[in-house]
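The block underneath contains the structure these notes are about, expressed in structure tokens.
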Amino acid sequence: MKNKTLFYLLITAIILFSVFARFIPHFPNFAPMGALALFAIAFYKRSTWAVAITALVWWASDFYLNNFVYHLNDSLVFFTQFQAFTLLSILAIVALGKLLFKKITIAKALLGGVAASLIFFIISNFGVWLQGTMYPMTFNGLVTCYQMAIPFYKATFASDLIFTTVFFGLMFLVQAKISEEKQITLAQ
């Protein structure tokens, strides 16, 4: 029972950290969202939980930021056009994690972090271009959109690698402690 409590406390702490990390000052796109999606699919048995938790964290933090920090509108903004592409990114990252994490290893977690940032970059910037307000709706406009997003990608890439390493590293430590305690119990 104690081991399960430790496991769930760590998961809860990572989820809460992911929400609050978006509210503290940080570089644009330096957030643990891709890492959270990977972590959720790795340690929840059901894909629906991984999608729901990540989407809820992302939506709740966007809701707060859009309404109380950026003040996008005079009335409450529940959803923006862009959030559909965020959800699509979450679904793609969770699908990747589902394929990748048949067995969870450090190498696969790091590969997932690299891929998560690339998935978000491709989908989110396609969404920016598709909105048609910042770039012309031409192939050159699409290329320009991706080129202009490269500085943001660097922050996404760094954050996904850092937070994936931290989240999975903490879970590996907890699992090692649980295994160690079981061995001590069995030895006594």
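FYI, nothing fancy with the structure tokens labels: chains A, B, ... in order, residues from 1 per chain, ligands from 1 as they appear.
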Exercise for the section: Would you mind listing what lies within 12 Å of range 26-28 of chain A as a ChimeraX atom specification, with only C-alpha atoms counted and same-chain residues fewer than 4 positions away left out? Expected result: /A:20-22,32,149-159
Can I get the selected residues back with C-alpha atoms, as a PDB file, in the first residue's frame?
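And here is the file that came out, again_17.pdb:
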ATOM      1  CA  PHE A  20       2.120  25.443 -12.615  1.00  0.00           C
ATOM      2  CA  ALA A  21       5.183  25.372 -14.881  1.00  0.00           C
ATOM      3  CA  ARG A  22       3.181  27.243 -17.494  1.00  0.00           C
ATOM      4  CA  PRO A  32       6.497  20.193 -19.881  1.00  0.00           C
ATOM      5  CA  ALA A 149       9.011  28.935 -35.678  1.00  0.00           C
ATOM      6  CA  ILE A 150      12.518  27.488 -35.366  1.00  0.00           C
ATOM      7  CA  PRO A 151      13.431  29.654 -32.315  1.00  0.00           C
ATOM      8  CA  PHE A 152      10.295  28.371 -30.565  1.00  0.00           C
ATOM      9  CA  TYR A 153      11.157  24.810 -31.561  1.00  0.00           C
ATOM     10  CA  LYS A 154      14.515  25.072 -29.812  1.00  0.00           C
ATOM     11  CA  ALA A 155      12.746  25.810 -26.516  1.00  0.00           C
ATOM     12  CA  THR A 156      10.204  23.019 -27.079  1.00  0.00           C
ATOM     13  CA  PHE A 157      12.995  20.578 -27.887  1.00  0.00           C
ATOM     14  CA  ALA A 158      14.999  21.542 -24.798  1.00  0.00           C
ATOM     15  CA  SER A 159      11.991  21.421 -22.482  1.00  0.00           C
TER      16      SER A 159
END
Practice task
Step one, run DSSP on the backbone; step two, keep only residues of range 23-165 of chain A assigned to helix (DSSP H, G or I); then write them as a ChimeraX atom specification.
Solution key: /A:33-43,47-69,83-100,106-131,139-165
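Nearest to Phe163 in chain A of all the residues A:Gly113, A:Val19, A:Ala52, A:Phe82 is A:Gly113, based on only C-alpha atoms.
Compared by their closest atoms to Gln83 in chain A, and using only C-alpha atoms, the residues A:Ala116, A:Ile123, A:Leu99, A:Ile11 rank with A:Ile123 nearest.
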Exercise for the section: Check the smallest atom-to-atom distance from each of A:Phe7, A:Ile14, A:Asn73, A:Ala92 to Ser117 in chain A using only C-alpha atoms, then report the winner. Expected result: A:Ala92
Fill in the blank from the handout: Judged by only C-alpha atoms, the minimum distance to Thr133 in chain A among A:Gln81, A:Phe172, A:Gln147, A:Arg46 is found for A:Gln81
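Residue neighbourhood of Leu110 in chain A, excluding near-sequence residues (fewer than 4 positions): Gly34, Ala35, Leu38, Phe39, Gly97, Leu100, Phe101, Ile104, Thr105, Ile106, Val114, Ala115, Ala116, Ser117, Phe157, Ala158, Ser159, Asp160, Leu161, Ile162, Phe163, Thr164, Thr165, Val166, Phe167, Phe168 and Gly169 of chain A, at 12 Å, using only C-alpha atoms.
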Can you write out the residues you just picked, keeping N, CA and C atoms, as an mmCIF file, in the first residue's frame?
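To be explicit, this is the file written out as again.cif:
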data_model
loop_
_atom_site.group_PDB
_atom_site.id
_atom_site.type_symbol
_atom_site.label_atom_id
_atom_site.label_comp_id
_atom_site.auth_asym_id
_atom_site.auth_seq_id
_atom_site.Cartn_x
_atom_site.Cartn_y
_atom_site.Cartn_z
ATOM 1 N N GLY A 34 4.733 18.109 -23.678
ATOM 2 C CA GLY A 34 5.093 16.904 -24.441
ATOM 3 C C GLY A 34 5.583 15.808 -23.509
ATOM 4 N N ALA A 35 6.396 16.189 -22.540
ATOM 5 C CA ALA A 35 6.904 15.223 -21.564
ATOM 6 C C ALA A 35 5.764 14.636 -20.735
ATOM 7 N N LEU A 38 3.954 11.963 -22.803
ATOM 8 C CA LEU A 38 4.754 10.728 -22.833
ATOM 9 C C LEU A 38 4.706 10.007 -21.497
ATOM 10 N N PHE A 39 4.863 10.763 -20.427
ATOM 11 C CA PHE A 39 4.840 10.186 -19.085
ATOM 12 C C PHE A 39 3.489 9.526 -18.803
ATOM 13 N N GLY A 97 3.873 7.354 -27.977
ATOM 14 C CA GLY A 97 4.241 6.723 -26.712
ATOM 15 C C GLY A 97 3.683 5.319 -26.587
ATOM 16 N N LEU A 100 5.912 3.227 -28.625
ATOM 17 C CA LEU A 100 7.285 3.246 -28.137
ATOM 18 C C LEU A 100 7.464 2.509 -26.815
ATOM 19 N N PHE A 101 6.481 2.592 -25.927
ATOM 20 C CA PHE A 101 6.668 2.118 -24.563
ATOM 21 C C PHE A 101 6.067 0.750 -24.283
ATOM 22 N N ILE A 104 9.522 0.234 -21.117
ATOM 23 C CA ILE A 104 10.016 1.587 -20.872
ATOM 24 C C ILE A 104 11.513 1.528 -20.554
ATOM 25 N N THR A 105 12.287 2.270 -21.343
ATOM 26 C CA THR A 105 13.728 2.387 -21.100
ATOM 27 C C THR A 105 14.106 3.865 -21.173
ATOM 28 N N ILE A 106 15.272 4.184 -20.674
ATOM 29 C CA ILE A 106 15.746 5.564 -20.731
ATOM 30 C C ILE A 106 15.918 6.000 -22.182
ATOM 31 N N VAL A 114 12.458 13.683 -27.951
ATOM 32 C CA VAL A 114 12.865 14.293 -29.219
ATOM 33 C C VAL A 114 11.693 14.285 -30.199
ATOM 34 N N ALA A 115 11.031 13.142 -30.310
ATOM 35 C CA ALA A 115 9.913 13.014 -31.250
ATOM 36 C C ALA A 115 8.722 13.883 -30.845
ATOM 37 N N ALA A 116 8.456 14.005 -29.534
ATOM 38 C CA ALA A 116 7.329 14.822 -29.065
ATOM 39 C C ALA A 116 7.499 16.274 -29.479
ATOM 40 N N SER A 117 8.702 16.795 -29.347
ATOM 41 C CA SER A 117 8.925 18.196 -29.728
ATOM 42 C C SER A 117 8.763 18.384 -31.235
ATOM 43 N N PHE A 157 12.067 21.707 -27.866
ATOM 44 C CA PHE A 157 12.995 20.578 -27.887
ATOM 45 C C PHE A 157 13.718 20.454 -26.540
ATOM 46 N N ALA A 158 14.271 21.562 -26.075
ATOM 47 C CA ALA A 158 14.999 21.542 -24.798
ATOM 48 C C ALA A 158 14.085 21.155 -23.646
ATOM 49 N N SER A 159 12.892 21.725 -23.600
ATOM 50 C CA SER A 159 11.991 21.421 -22.482
ATOM 51 C C SER A 159 11.525 19.968 -22.530
ATOM 52 N N ASP A 160 11.218 19.455 -23.715
ATOM 53 C CA ASP A 160 10.791 18.054 -23.791
ATOM 54 C C ASP A 160 11.902 17.110 -23.348
ATOM 55 N N LEU A 161 13.127 17.396 -23.734
ATOM 56 C CA LEU A 161 14.240 16.540 -23.289
ATOM 57 C C LEU A 161 14.469 16.651 -21.786
ATOM 58 N N ILE A 162 14.478 17.875 -21.274
ATOM 59 C CA ILE A 162 14.727 18.077 -19.843
ATOM 60 C C ILE A 162 13.614 17.467 -19.003
ATOM 61 N N PHE A 163 12.356 17.809 -19.317
ATOM 62 C CA PHE A 163 11.248 17.322 -18.493
ATOM 63 C C PHE A 163 11.014 15.823 -18.662
ATOM 64 N N THR A 164 11.243 15.286 -19.849
ATOM 65 C CA THR A 164 11.127 13.837 -20.037
ATOM 66 C C THR A 164 12.176 13.137 -19.171
ATOM 67 N N THR A 165 13.390 13.656 -19.180
ATOM 68 C CA THR A 165 14.459 13.077 -18.359
ATOM 69 C C THR A 165 14.100 13.139 -16.876
ATOM 70 N N VAL A 166 13.612 14.282 -16.426
ATOM 71 C CA VAL A 166 13.262 14.443 -15.011
ATOM 72 C C VAL A 166 12.075 13.546 -14.634
ATOM 73 N N PHE A 167 10.985 13.595 -15.414
ATOM 74 C CA PHE A 167 9.790 12.813 -15.077
ATOM 75 C C PHE A 167 10.086 11.311 -15.056
ATOM 76 N N PHE A 168 10.714 10.818 -16.125
ATOM 77 C CA PHE A 168 11.003 9.385 -16.191
ATOM 78 C C PHE A 168 12.086 9.012 -15.177
ATOM 79 N N GLY A 169 13.059 9.891 -14.982
ATOM 80 C CA GLY A 169 14.101 9.621 -13.994
ATOM 81 C C GLY A 169 13.531 9.475 -12.595
#
Practice task
Extract, using only C-alpha atoms, all DNA, RNA and protein residues at most 9 Å from Ser61 in chain A, discarding same-chain residues fewer than 3 positions from it, and format them as a ChimeraX atom specification.
Solution key: /A:19-20,22-23,56-58,64-66
